[in-house]
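To be precise, the following lines are work05.txt, and they hold compact mmCIF, C-alpha atoms and all ligand atoms.
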# COMPACT_ATOMS: atom_id res chain seq x y z
CA MET B 22 -15.49 13.94 -2.51
CA LYS B 23 -15.43 13.77 1.21
CA SER B 24 -14.35 16.77 3.22
CA SER B 25 -13.48 16.55 6.86
CA GLY B 26 -16.25 18.91 8.04
CA THR B 27 -18.22 18.35 11.21
CA ASN B 28 -21.28 17.00 9.39
CA ASP B 29 -19.28 14.21 8.02
CA THR B 30 -17.74 13.29 11.31
CA SER B 31 -21.06 13.18 13.12
CA ARG B 32 -22.66 11.19 10.32
CA ARG B 33 -19.89 8.67 10.52
CA ALA B 34 -20.18 8.48 14.28
CA VAL B 35 -23.81 7.43 13.86
CA LEU B 36 -22.97 4.87 11.21
CA THR B 37 -20.11 3.27 13.02
CA GLY B 38 -21.51 3.51 16.53
CA VAL B 39 -21.81 -0.24 16.75
CA GLY B 40 -19.10 -2.52 15.47
CA LEU B 41 -18.89 -5.97 13.98
CA ALA B 42 -18.83 -7.50 17.43
CA ALA B 43 -22.41 -6.36 17.90
CA ILE B 44 -23.46 -7.84 14.58
CA GLY B 45 -21.63 -11.01 15.44
CA ALA B 46 -23.65 -11.26 18.62
CA THR B 47 -26.87 -11.30 16.63
CA LEU B 48 -25.75 -13.81 14.02
CA PRO B 49 -24.94 -17.49 14.18
CA PRO B 50 -21.18 -18.11 14.25
CA GLY B 51 -19.62 -17.98 10.81
CA ALA B 52 -22.55 -16.18 9.22
CA ALA B 53 -20.44 -13.11 8.49
CA ALA B 54 -17.68 -15.20 6.97
CA LEU B 55 -17.76 -13.43 3.62
CA ALA B 56 -17.17 -9.97 5.04
CA GLN B 57 -13.59 -8.83 5.31
CA GLY B 58 -13.27 -6.37 8.14
CA THR B 59 -11.29 -8.96 10.01
CA PRO B 60 -9.56 -6.61 12.46
CA ALA B 61 -12.70 -5.95 14.49
CA ALA B 62 -13.81 -9.58 14.26
CA LYS B 63 -10.48 -10.91 15.46
CA GLY B 64 -10.07 -8.25 18.12
CA PRO B 65 -6.61 -7.22 17.00
CA LYS B 66 -4.00 -5.56 19.08
CA LEU B 67 -4.14 -1.85 18.34
CA LEU B 68 -1.05 0.25 17.78
CA GLU B 69 -0.05 2.59 20.56
CA MET B 70 2.55 4.93 19.20
CA GLU B 71 2.91 8.67 19.44
CA GLY B 72 1.85 10.30 16.21
CA LYS B 73 0.04 7.18 14.95
CA ALA B 74 -3.63 6.23 15.01
CA ARG B 75 -4.75 2.96 16.59
CA LEU B 76 -3.91 0.84 13.58
CA ALA B 77 -4.26 -2.95 13.64
CA VAL B 78 -0.94 -4.52 14.64
CA LEU B 79 -0.04 -7.52 12.46
CA GLY B 80 3.36 -8.03 14.04
CA ASP B 81 5.59 -6.60 16.79
CA LYS B 82 9.04 -7.72 15.70
CA PRO B 83 9.36 -6.23 13.19
CA LEU B 84 6.61 -3.69 13.67
CA VAL B 85 3.84 -4.09 11.08
CA ALA B 86 0.48 -2.34 11.39
CA GLU B 87 -2.30 -2.01 8.86
CA THR B 88 -4.95 0.65 8.39
CA GLN B 89 -8.54 -0.44 8.99
CA ALA B 90 -10.59 0.19 5.83
CA GLU B 91 -12.78 2.77 7.59
CA LEU B 92 -9.63 4.74 8.46
CA MET B 93 -8.91 5.10 4.74
CA ASP B 94 -11.91 7.39 4.28
CA ASP B 95 -9.89 10.59 3.77
CA ASP B 96 -8.98 11.77 0.25
CA VAL B 97 -5.44 12.35 1.50
CA THR B 98 -4.29 9.75 4.04
CA PRO B 99 -3.32 11.63 7.20
CA THR B 100 0.16 10.75 8.43
CA ASP B 101 -1.13 9.13 11.60
CA LYS B 102 -3.30 6.72 9.57
CA LEU B 103 -0.67 5.48 7.11
CA PHE B 104 0.22 1.80 7.58
CA VAL B 105 3.66 0.85 8.93
CA ARG B 106 5.78 -1.92 7.50
CA ASN B 107 9.21 -2.51 8.97
CA ASN B 108 11.38 -5.51 8.14
CA GLY B 109 14.07 -4.73 10.69
CA GLN B 110 14.50 -2.64 13.80
CA THR B 111 13.14 0.90 13.87
CA PRO B 112 16.13 3.26 13.92
CA ASP B 113 16.34 6.22 16.30
CA ALA B 114 15.23 9.52 14.81
CA ALA B 115 18.05 11.52 13.18
CA LYS B 116 19.18 14.42 15.37
CA GLU B 117 20.30 16.62 12.46
CA PRO B 118 18.06 15.73 9.52
CA ASP B 119 19.69 18.13 7.03
CA LYS B 120 22.99 16.29 7.51
CA TRP B 121 21.45 12.94 6.56
CA SER B 122 23.32 11.69 3.51
CA PHE B 123 23.00 9.03 0.87
CA VAL B 124 25.15 7.90 -2.02
CA ILE B 125 24.47 6.95 -5.63
CA ASP B 126 27.19 4.67 -6.95
CA GLY B 127 27.86 1.73 -9.23
CA GLU B 128 27.26 2.15 -12.97
CA VAL B 129 27.37 5.97 -12.87
CA ASN B 130 29.78 8.52 -14.35
CA ASN B 131 30.08 10.42 -11.06
CA LYS B 132 29.51 8.86 -7.71
CA VAL B 133 27.21 11.31 -5.91
CA THR B 134 26.94 11.88 -2.17
CA LEU B 135 24.21 14.27 -1.11
CA THR B 136 22.98 15.49 2.24
CA LEU B 137 19.33 16.32 2.70
CA GLY B 138 20.37 20.00 2.98
CA GLU B 139 22.08 19.84 -0.43
CA LEU B 140 19.20 17.92 -1.97
CA LYS B 141 16.77 20.67 -0.95
CA ALA B 142 19.13 23.43 -2.12
CA LYS B 143 20.03 21.95 -5.52
CA PHE B 144 16.85 20.32 -6.83
CA LYS B 145 13.31 21.49 -7.45
CA PRO B 146 10.75 20.18 -4.95
CA VAL B 147 7.67 18.32 -6.20
CA THR B 148 4.52 17.39 -4.25
CA ARG B 149 2.20 14.63 -5.39
CA ARG B 150 -0.55 12.50 -3.89
CA MET B 151 0.40 8.89 -4.56
CA VAL B 152 -0.49 5.43 -3.29
CA LEU B 153 2.04 3.48 -1.27
CA GLU B 154 1.03 -0.19 -1.13
CA CYS B 155 2.75 -3.15 0.46
CA GLY B 156 3.40 -6.01 -1.95
CA GLY B 157 1.65 -8.38 0.46
CA ASN B 158 -1.57 -6.37 0.70
CA GLY B 159 -4.56 -8.75 0.63
CA ARG B 160 -2.42 -11.74 1.62
CA SER B 161 -4.90 -12.92 4.26
CA PHE B 162 -7.43 -13.75 1.52
CA PHE B 163 -5.41 -16.70 0.24
CA THR B 164 -6.42 -20.28 0.97
CA PRO B 165 -4.42 -22.11 2.20
CA GLN B 166 -2.79 -19.38 4.23
CA ALA B 167 0.28 -17.88 2.56
CA ARG B 168 3.47 -17.12 4.46
CA GLY B 169 3.89 -13.61 5.90
CA ASN B 170 1.95 -10.79 7.52
CA GLN B 171 -1.77 -11.39 7.17
CA TRP B 172 -2.77 -8.09 5.57
CA THR B 173 -6.42 -7.50 4.76
CA ASN B 174 -6.62 -4.38 2.54
CA GLY B 175 -4.87 -2.02 4.96
CA GLY B 176 -1.34 -2.14 3.59
CA ALA B 177 -1.99 0.94 1.50
CA GLY B 178 -2.46 4.67 1.83
CA CYS B 179 -2.33 7.83 -0.24
CA PRO B 180 -0.61 10.74 1.48
CA GLU B 181 0.99 13.75 -0.21
CA TRP B 182 4.67 13.21 -0.72
CA THR B 183 7.17 16.01 -1.17
CA GLY B 184 10.65 15.44 -2.50
CA VAL B 185 12.77 15.85 -5.57
CA ARG B 186 12.55 13.79 -8.71
CA LEU B 187 14.77 10.74 -8.50
CA GLY B 188 15.47 11.18 -12.24
CA ASP B 189 16.94 14.66 -11.67
CA VAL B 190 19.40 13.29 -9.14
CA LEU B 191 20.25 10.30 -11.32
CA LYS B 192 20.95 12.67 -14.23
CA ALA B 193 23.43 14.50 -12.02
CA ALA B 194 25.18 11.18 -11.39
CA GLY B 195 24.98 10.23 -15.07
CA LEU B 196 24.02 6.63 -15.80
CA LYS B 197 26.51 4.56 -17.78
CA PRO B 198 25.18 2.53 -20.75
CA SER B 199 25.80 -0.56 -18.59
CA ALA B 200 23.21 0.60 -16.01
CA LYS B 201 20.47 -2.02 -15.88
CA PHE B 202 18.93 -2.23 -12.43
CA SER B 203 18.98 -0.47 -9.07
CA GLY B 204 19.55 -1.74 -5.53
CA HIS B 205 18.18 0.39 -2.68
CA TYR B 206 19.50 0.41 0.86
CA GLY B 207 18.26 1.92 4.12
CA SER B 208 20.04 2.30 7.43
CA ASP B 209 17.70 0.23 9.59
CA LEU B 210 19.36 -2.54 11.53
CA HIS B 211 18.57 -6.17 10.66
CA LEU B 212 16.21 -7.86 13.13
CA SER B 213 19.05 -10.10 14.30
CA GLY B 214 21.08 -7.02 15.27
CA ASP B 215 23.79 -8.03 12.79
CA ALA B 216 24.95 -4.71 11.28
CA SER B 217 26.57 -6.44 8.31
CA LYS B 218 23.21 -7.74 7.03
CA PRO B 219 20.95 -5.40 5.06
CA THR B 220 17.37 -5.61 6.32
CA VAL B 221 15.73 -5.53 2.93
CA SER B 222 17.24 -4.32 -0.32
CA ARG B 223 15.17 -4.27 -3.44
CA GLY B 224 15.40 -2.45 -6.72
CA VAL B 225 13.83 -1.90 -10.11
CA PRO B 226 14.89 -2.02 -13.77
CA ILE B 227 16.30 1.28 -15.09
CA GLY B 228 13.15 1.98 -17.16
CA LYS B 229 11.03 2.06 -14.01
CA LEU B 230 13.77 3.84 -12.05
CA MET B 231 13.70 6.78 -14.49
CA ASP B 232 9.91 7.25 -14.25
CA GLU B 233 9.28 10.93 -13.57
CA ASN B 234 6.89 10.10 -10.73
CA ASN B 235 9.63 8.59 -8.57
CA LEU B 236 10.73 10.85 -5.73
CA ILE B 237 13.41 11.12 -3.12
CA VAL B 238 11.05 12.13 -0.34
CA PHE B 239 11.71 14.31 2.70
CA ALA B 240 8.19 15.46 3.63
CA MET B 241 4.75 13.92 3.96
CA ASN B 242 1.52 15.91 4.15
CA GLY B 243 3.54 19.12 4.44
CA GLN B 244 5.61 18.01 7.42
CA PRO B 245 9.13 16.57 7.64
CA LEU B 246 8.94 12.83 6.92
CA PRO B 247 8.45 11.05 10.29
CA ASN B 248 11.11 8.61 11.42
CA ILE B 249 8.71 5.65 11.39
CA HIS B 250 8.02 6.26 7.68
CA GLY B 251 11.70 6.44 6.77
CA GLY B 252 12.57 10.05 7.64
CA PRO B 253 14.62 12.09 7.13
CA VAL B 254 14.88 10.65 3.58
CA ARG B 255 13.19 7.78 1.76
CA LEU B 256 12.73 6.66 -1.78
CA PHE B 257 9.25 6.56 -3.25
CA ILE B 258 8.58 4.51 -6.37
CA PRO B 259 4.81 4.31 -6.87
CA GLY B 260 2.77 1.53 -8.44
CA TRP B 261 5.10 -1.34 -7.51
CA PRO B 262 5.39 -3.18 -4.17
CA GLY B 263 6.17 -0.75 -1.32
CA SER B 264 9.36 -2.65 -0.56
CA VAL B 265 11.18 -0.89 -3.44
CA SER B 266 10.59 2.43 -1.66
CA ALA B 267 13.51 2.25 0.76
CA LYS B 268 13.08 4.08 4.04
CA TRP B 269 16.04 5.75 5.78
CA LEU B 270 17.70 5.84 2.36
CA ASN B 271 21.48 5.70 2.41
CA ARG B 272 22.43 4.16 -0.91
CA ILE B 273 21.19 3.65 -4.45
CA TRP B 274 23.48 1.18 -6.15
CA ILE B 275 23.19 1.23 -9.93
CA ARG B 276 23.94 -2.25 -11.18
CA ASP B 277 24.72 -3.91 -14.50
CA LYS B 278 22.39 -6.81 -13.73
CA GLU B 279 19.23 -7.65 -11.81
CA HIS B 280 19.67 -6.80 -8.13
CA ASP B 281 20.00 -9.75 -5.74
CA GLY B 282 19.59 -8.14 -2.30
CA PRO B 283 17.33 -9.56 0.42
CA GLY B 284 13.78 -9.52 -0.95
CA MET B 285 14.75 -10.05 -4.60
CA THR B 286 15.17 -13.81 -4.80
CA GLU B 287 13.31 -17.15 -4.46
CA PHE B 288 9.65 -16.46 -3.60
CA SER B 289 10.09 -12.90 -2.26
CA TYR B 290 7.96 -10.37 -4.14
CA ARG B 291 7.62 -12.93 -6.90
CA VAL B 292 4.63 -14.59 -8.49
CA ALA B 293 4.30 -17.86 -10.40
CA ILE B 294 4.68 -17.79 -14.17
CA LYS B 295 2.80 -21.08 -14.55
CA PRO B 296 -0.12 -21.27 -12.06
CA MET B 297 0.80 -23.57 -9.19
CA VAL B 298 -1.20 -25.92 -6.99
CA PRO B 299 -2.34 -24.00 -3.88
CA GLY B 300 -0.20 -24.98 -0.91
CA ALA B 301 2.50 -26.65 -3.00
CA LYS B 302 6.15 -25.94 -2.34
CA GLY B 303 6.88 -24.26 -5.65
CA ASP B 304 10.00 -24.12 -7.77
CA PRO B 305 11.86 -20.76 -7.76
CA ALA B 306 12.55 -21.23 -11.48
CA ASN B 307 8.80 -20.80 -12.08
CA PHE B 308 8.72 -17.30 -10.54
CA ARG B 309 9.03 -13.76 -11.84
CA ILE B 310 9.36 -10.44 -10.03
CA LEU B 311 6.06 -8.81 -9.08
CA GLU B 312 6.02 -5.43 -10.81
CA SER B 313 2.83 -3.33 -10.99
CA MET B 314 0.36 -3.97 -8.17
CA PRO B 315 -3.08 -5.30 -9.17
CA VAL B 316 -6.37 -3.37 -9.15
CA ARG B 317 -8.04 -2.96 -5.74
CA SER B 318 -11.19 -1.17 -4.60
CA ILE B 319 -12.25 -0.79 -0.98
CA VAL B 320 -15.30 0.46 0.90
CA THR B 321 -14.15 3.11 3.37
CA SER B 322 -17.66 4.00 4.62
CA PRO B 323 -19.62 2.40 6.15
CA ALA B 324 -17.26 0.39 8.33
CA ASN B 325 -17.60 -3.37 8.37
CA GLY B 326 -20.08 -4.26 11.10
CA THR B 327 -22.11 -1.05 10.94
CA LYS B 328 -25.59 -1.33 12.40
CA LEU B 329 -28.23 0.87 10.80
CA PRO B 330 -31.60 1.83 12.29
CA ALA B 331 -34.60 -0.34 11.38
CA GLY B 332 -36.36 0.98 8.31
CA THR B 333 -33.20 2.29 6.63
CA LYS B 334 -33.95 2.03 2.92
CA GLU B 335 -30.73 3.18 1.32
CA ILE B 336 -27.14 3.82 2.20
CA LYS B 337 -24.43 6.08 0.83
CA LEU B 338 -21.12 4.38 0.21
CA ARG B 339 -17.65 5.83 -0.13
CA GLY B 340 -14.44 4.18 -1.13
CA ALA B 341 -11.14 4.28 -2.93
CA ALA B 342 -9.65 2.35 -5.83
CA TRP B 343 -6.19 2.09 -7.37
CA ALA B 344 -4.37 -0.22 -9.76
CA GLY B 345 -0.57 -0.06 -9.54
CA ASP B 346 0.79 1.55 -12.72
CA LEU B 347 -2.69 1.75 -14.27
CA LEU B 348 -5.76 3.91 -13.91
CA VAL B 349 -8.99 2.45 -12.55
CA LYS B 350 -11.62 2.54 -15.25
CA GLN B 351 -14.67 1.45 -13.28
CA VAL B 352 -15.90 0.54 -9.81
CA ASP B 353 -19.10 -1.47 -9.22
CA VAL B 354 -20.88 -2.29 -5.98
CA SER B 355 -23.30 -5.06 -5.05
CA THR B 356 -25.58 -5.67 -2.06
CA ASP B 357 -26.78 -9.11 -3.16
CA PHE B 358 -23.60 -11.18 -3.13
CA GLY B 359 -22.68 -10.19 -6.66
CA ALA B 360 -26.00 -11.14 -8.32
CA THR B 361 -26.50 -7.53 -9.50
CA TRP B 362 -24.10 -4.61 -9.67
CA THR B 363 -24.40 -0.82 -9.56
CA ARG B 364 -21.78 1.41 -11.16
CA ALA B 365 -20.14 3.78 -8.66
CA LYS B 366 -19.26 7.39 -9.42
CA LEU B 367 -15.51 7.34 -9.81
CA GLU B 368 -13.32 10.43 -9.43
CA LYS B 369 -10.32 11.18 -11.59
CA PRO B 370 -6.92 10.98 -9.91
CA LYS B 371 -5.36 14.31 -8.89
CA ASN B 372 -2.13 13.24 -10.54
CA ARG B 373 -0.74 9.96 -11.79
CA TYR B 374 -0.51 7.25 -9.08
CA ASP B 375 -3.14 9.00 -6.95
CA TRP B 376 -5.94 6.75 -5.80
CA GLN B 377 -9.43 7.37 -7.16
CA ARG B 378 -12.20 8.05 -4.70
CA TRP B 379 -15.66 6.70 -5.47
CA THR B 380 -19.19 7.11 -4.15
CA ALA B 381 -22.41 5.19 -4.68
CA THR B 382 -25.91 5.02 -3.19
CA VAL B 383 -27.54 1.62 -2.88
CA LYS B 384 -31.01 0.51 -1.81
CA LEU B 385 -31.59 -1.88 1.08
CA PRO B 386 -35.10 -3.20 0.34
CA ALA B 387 -35.87 -4.69 3.77
CA ASP B 388 -34.36 -4.81 7.24
CA GLY B 389 -31.71 -7.48 7.68
CA TYR B 390 -28.17 -8.51 6.92
CA TYR B 391 -26.34 -7.20 3.86
CA GLU B 392 -22.87 -7.28 2.49
CA ILE B 393 -21.57 -4.42 0.45
CA TRP B 394 -19.19 -5.75 -2.17
CA THR B 395 -16.95 -3.61 -4.32
CA ARG B 396 -14.87 -4.50 -7.33
CA GLY B 397 -12.59 -2.34 -9.44
CA THR B 398 -11.65 -2.74 -13.10
CA ASP B 399 -8.36 -1.36 -14.38
CA ALA B 400 -7.71 0.52 -17.63
CA LYS B 401 -6.89 -2.76 -19.37
CA GLY B 402 -10.27 -4.23 -18.42
CA VAL B 403 -8.91 -6.52 -15.70
CA MET B 404 -11.34 -6.82 -12.78
CA GLN B 405 -10.86 -7.89 -9.18
CA PRO B 406 -11.74 -11.56 -8.79
CA HIS B 407 -14.24 -12.91 -6.24
CA LEU B 408 -11.44 -14.73 -4.42
CA ALA B 409 -7.67 -14.45 -4.23
CA GLY B 410 -6.40 -16.65 -7.05
CA PHE B 411 -3.04 -17.65 -8.47
CA TRP B 412 -1.85 -18.85 -5.09
CA ASN B 413 1.87 -18.40 -4.42
CA PRO B 414 3.90 -19.29 -1.29
CA GLN B 415 4.25 -15.71 -0.04
CA GLY B 416 0.81 -14.54 -1.05
CA TYR B 417 1.20 -11.71 -3.55
CA GLY B 418 -1.62 -10.39 -5.70
CA GLY B 419 -4.46 -11.13 -3.26
CA ASN B 420 -6.92 -8.57 -4.63
CA ALA B 421 -10.27 -10.26 -4.01
CA MET B 422 -13.31 -7.97 -4.02
CA HIS B 423 -13.75 -6.09 -0.75
CA ARG B 424 -16.82 -7.01 1.29
CA VAL B 425 -18.24 -5.33 4.37
CA ALA B 426 -21.24 -6.43 6.42
CA VAL B 427 -24.04 -4.12 7.55
CA LEU B 428 -27.11 -4.93 9.58
CA VAL B 429 -30.34 -2.97 9.24
CA GLY B 430 -32.51 -3.09 12.36
N1 LIG B 501 14.88 0.54 4.94
C1 LIG B 501 13.68 -0.04 4.81
N2 LIG B 501 12.86 0.39 3.85
C2 LIG B 501 11.64 -0.16 3.71
C3 LIG B 501 11.21 -1.21 4.54
C4 LIG B 501 12.08 -1.63 5.57
O1 LIG B 501 11.79 -2.52 6.36
N3 LIG B 501 13.32 -1.03 5.67
N4 LIG B 501 9.96 -1.78 4.33
C5 LIG B 501 9.45 -1.67 2.97
C6 LIG B 501 8.10 -2.16 2.81
S1 LIG B 501 7.92 -3.85 2.71
C7 LIG B 501 7.04 -1.31 2.66
S2 LIG B 501 5.50 -1.90 2.28
C8 LIG B 501 7.20 0.15 2.85
C9 LIG B 501 6.32 0.61 4.01
O2 LIG B 501 6.45 2.00 4.24
P1 LIG B 501 5.77 2.65 5.51
O3 LIG B 501 6.21 1.92 6.73
O4 LIG B 501 6.19 4.08 5.48
O5 LIG B 501 4.27 2.52 5.32
O6 LIG B 501 8.54 0.53 3.13
C10 LIG B 501 9.53 -0.24 2.47
N5 LIG B 501 10.82 0.32 2.73
MO MO B 502 5.77 -4.24 2.01

Show me the file's structure as structure tokens.
Amino acid sequence: MKSSGTNDTSRRAVLTGVGLAAIGATLPPGAAALAQGTPAAKGPKLLEMEGKARLAVLGDKPLVAETQAELMDDDVTPTDKLFVRNNGQTPDAAKEPDKWSFVIDGEVNNKVTLTLGELKAKFKPVTRRMVLECGGNGRSFFTPQARGNQWTNGGAGCPEWTGVRLGDVLKAAGLKPSAKFSGHYGSDLHLSGDASKPTVSRGVPIGKLMDENNLIVFAMNGQPLPNIHGGPVRLFIPGWPGSVSAKWLNRIWIRDKEHDGPGMTEFSYRVAIKPMVPGAKGDPANFRILESMPVRSIVTSPANGTKLPAGTKEIKLRGAAWAGDLLVKQVDVSTDFGATWTRAKLEKPKNRYDWQRWTATVKLPADGYYEIWTRGTDAKGVMQPHLAGFWNPQGYGGNAMHRVAVLVG
């Protein structure tokens, strides 16, 4: 496992001293087309926000910024490196966080209103390292282009979340037998400025809602949850699209039927039941809700575009892998475009829903251009495909193998 000691930092500085732009300059146009570190290649706008690293901005209004793969090299994602995905306007930071309140209503025996202060006083805190992943992660790999933010693999991160178990709070409210689904609401203003419109409101079936890993979160990496990540209070439901994890939480509505808030209908967070023709319009009747996220493995070191000294004969790789509700069983890497594969050393997760770090050492027989490919296989034996398949209008499930280019000499 990687530690953040000085050796590591200096080693990385050497490896990433020259970026993809430099490799691009030495290659004919299009030659690096298979590699996926698109941010550097496209020269993205970088985020400038206090408390955040220079993430790649995918959109301004609403603010969406993804984490470059090489910034996902820490075992625990530092707060400044976690991606940002807003659907509406960013609210102002709460002045008195402990007075922040939310309600649980609908199909419950007792409607519950709790302030953050009460939540901390009445329920046992839990801390767990868990992956948050945007439902659209990997969308940019679809052909033809799917609608929405063009995420590469950077709509994911694995910080340490502290909160109380959602199930404990729901037990206090008492679910009625009619409880079937949840609807989550946050206090961020809709992009249009219309206060009567919820920005996004998604939910999950009661079975998933009661999972003991779900938290009502008030701290990240040991610090109060930052405003940009939904502080003072957000929901965190791991394994499923990040959009169910409402930021600035103010209401959990327990419903007697599937929730129909913005983000639940038509093609939103839905995938085709019967495979559709890429680029076709699609019929909403052919779609089901995307639940567990698919398996994904990424190379976090070296960075895409790394130039290595002439004569370099082998390279140490590091990465991460995760698979929604499932464990990752295996990670393999290739340096010859998938002709041969080497099994990586895969760590166990610290707790359920943690990502799994991996390492591997591969040989580079001669100077020249290489691509490092990685592919994960989940506990059910399902592997990442070479390309993003099962096209759908809004581009969910784009979990093509990750590929980074390196140039020796
Ligand atoms: N209230 C509210 N909650 C929200 C969102 C939002 O726009 N508003 N975005 C969702 C989406 S799509 C994702 S992927 C995650 C992103 O969380 P982050 O910005 O902390 O990374 O928050 C989810 N919760
Ligand atoms: Mo998302």

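Selecting all polymer residues at most 7 Å from ligand LIG 501 (chain B), using all atoms listed in the file, gives Leu103, Phe104, Val105, Arg106, Asn107, Asn108, Gly109, Glu154, Cys155, Gly156, Gly176, Tyr206, Gly207, Ser208, Asp209, Thr220, Val221, Ile249, His250, Gly251, Pro262, Gly263, Ser264, Val265, Ser266, Ala267, Lys268, Trp269 and Leu270 of chain B.
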
Writing out the chosen residues with C-alpha atoms as a PDB file, in the frame of the given file:
ATOM      1  CA  LEU B 103      -0.670   5.480   7.110  1.00  0.00           C
ATOM      2  CA  PHE B 104       0.220   1.800   7.580  1.00  0.00           C
ATOM      3  CA  VAL B 105       3.660   0.850   8.930  1.00  0.00           C
ATOM      4  CA  ARG B 106       5.780  -1.920   7.500  1.00  0.00           C
ATOM      5  CA  ASN B 107       9.210  -2.510   8.970  1.00  0.00           C
ATOM      6  CA  ASN B 108      11.380  -5.510   8.140  1.00  0.00           C
ATOM      7  CA  GLY B 109      14.070  -4.730  10.690  1.00  0.00           C
ATOM      8  CA  GLU B 154       1.030  -0.190  -1.130  1.00  0.00           C
ATOM      9  CA  CYS B 155       2.750  -3.150   0.460  1.00  0.00           C
ATOM     10  CA  GLY B 156       3.400  -6.010  -1.950  1.00  0.00           C
ATOM     11  CA  GLY B 176      -1.340  -2.140   3.590  1.00  0.00           C
ATOM     12  CA  TYR B 206      19.500   0.410   0.860  1.00  0.00           C
ATOM     13  CA  GLY B 207      18.260   1.920   4.120  1.00  0.00           C
ATOM     14  CA  SER B 208      20.040   2.300   7.430  1.00  0.00           C
ATOM     15  CA  ASP B 209      17.700   0.230   9.590  1.00  0.00           C
ATOM     16  CA  THR B 220      17.370  -5.610   6.320  1.00  0.00           C
ATOM     17  CA  VAL B 221      15.730  -5.530   2.930  1.00  0.00           C
ATOM     18  CA  ILE B 249       8.710   5.650  11.390  1.00  0.00           C
ATOM     19  CA  HIS B 250       8.020   6.260   7.680  1.00  0.00           C
ATOM     20  CA  GLY B 251      11.700   6.440   6.770  1.00  0.00           C
ATOM     21  CA  PRO B 262       5.390  -3.180  -4.170  1.00  0.00           C
ATOM     22  CA  GLY B 263       6.170  -0.750  -1.320  1.00  0.00           C
ATOM     23  CA  SER B 264       9.360  -2.650  -0.560  1.00  0.00           C
ATOM     24  CA  VAL B 265      11.180  -0.890  -3.440  1.00  0.00           C
ATOM     25  CA  SER B 266      10.590   2.430  -1.660  1.00  0.00           C
ATOM     26  CA  ALA B 267      13.510   2.250   0.760  1.00  0.00           C
ATOM     27  CA  LYS B 268      13.080   4.080   4.040  1.00  0.00           C
ATOM     28  CA  TRP B 269      16.040   5.750   5.780  1.00  0.00           C
ATOM     29  CA  LEU B 270      17.700   5.840   2.360  1.00  0.00           C
TER      30      LEU B 270
END

With 5 Å of padding per side, what axis-aligned box (centre and edge lengths, Å, one decimal) covers all the listed atoms of region 170-178 of chain B? Give it as lines of an AutoDock Vina configuration file.
center_x = -2.3
center_y = -3.4
center_z = 4.5
size_x = 18.6
size_y = 26.1
size_z = 16.0

Could you pull the residues within 12 Å of Ala86 (chain B), counting all atoms listed in the file, minus those fewer than 3 positions along the same chain, as a ChimeraX atom specification?
/B:60,65-70,73-83,89,101-108,155,158,170-177,249

Dig up all the protein and nucleic acid residues within 7 Å of (21.9, -1.1, -5.9) in the file frame, using only C-alpha atoms, and format them as JSON, numbers by chain.
{"B": [203, 204, 205, 224, 273, 274, 275, 276, 280]}

### Message
List the spatial neighbours of Asp399 (chain B) as a ChimeraX atom specification - criterion: any atom at most 6 Å away, all atoms listed in the file, same-chain residues fewer than 4 positions off excluded.
### Response
/B:316,348-350,403

- Task: Give as a list of chain:residue names the set of residues within 9 Å of the point (-16.1, 1.7, -0.6), where distances use the file's coordinates and only C-alpha atoms.
- Result: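 Neighbouring residues, ordered by chain and number, come to B:Ala90, B:Glu91, B:Asp94, B:Ser318, B:Ile319, B:Val320, B:Thr321, B:Ser322, B:Pro323, B:Leu338, B:Arg339, B:Gly340, B:Ala341, B:Ala342, B:Val354, B:Arg378, B:Trp379, B:Thr380, B:Ala381, B:Ile393, B:Trp394, B:Thr395, B:His423, B:Arg424, B:Val425.
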
What separates CA of Lys201 (chain B) and CA of Trp182 (chain B) is a distance of 26.7 Å

Review point. Could you pull the residues within 7 Å of Val352 (chain B), counting only C-alpha atoms, minus those fewer than 3 positions along the same chain, as an NGL selection string?
Key: :B and (364-365 or 367 or 395-398)

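Distance-wise, CA of Ser199 (chain B) and CA of Met285 (chain B) end up 20.2 Å apart.
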
| task | In Å, rounded to a single decimal, give me how far CA of Asp95 (chain B) is from CA of Trp343 (chain B). | result |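 These two atoms are separated by 14.5 Å.
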
Need to verify the contact set: Val124 (chain B), 6 Å, all atoms listed in the file, exclusion of same-chain residues closer than 5 positions in sequence. Can you return it as a PyMOL selection string?
chain B and resi 133-134+272

Go through B:Trp376, B:Phe239, B:Trp362, B:Trp261 one by one, measure the shortest atom-to-atom distance of each to ligand MO 502 (chain B) using all atoms listed in the file, and give the residue with the smallest value.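 Checking each candidate against ligand MO 502 (chain B), we get B:Trp261 as the closest.
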
* **Which of B:Gly169, B:Gly410, B:Gly326, B:Pro112 sits closest to ligand MO 502 (chain B) [using all atoms listed in the file]** =>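 Among the listed residues, B:Gly169 lies closest to ligand MO 502 (chain B).
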
Of B:Arg291, B:Arg150, B:Lys120, B:Lys371, the one nearest to Thr98 (chain B) when counting only C-alpha atoms is B:Arg150
